[in-house]
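Here is the structure we will look at, set down as structure tokens.
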Amino acid sequence: MENKLTTANKVAYGFSDFGNNLVFVAATNYLMFYYTDVAGLSLLPRVYYS
């Protein structure tokens with residue numbers, strides 16, 4: 001009993017994966033700008049010298 005994926009299924013899987021990644025990138029970019037511009041967090045770590 002061997003089930004093979006059709007080309008249409010592979011293309012649909014690729015488009016859905018692309019859409020998922022597009023939403024993820026948009027959300028993380030929004031959070032990056034929010035954290036840096038609104039919340040005032042720095043991207044670089046602070047170095048404390050004693």
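Residue numbers start at 1 in each chain; chains themselves are named A, B, ... in the order of the structure tokens; ligands are numbered from 1 in the order shown.
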Q: Would you list, as a ChimeraX atom specification, the residues of stretch 1-32 of chain A that end up in helix (DSSP H, G or I) under DSSP run on this structure's backbone?
A: /A:7-32
Q. How many Å lie between atom CA of A:Leu44 and atom CA of A:Tyr30, rounded to one decimal?
A.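 Separation of atom CA of A:Leu44 and atom CA of A:Tyr30: 18.0 Å.
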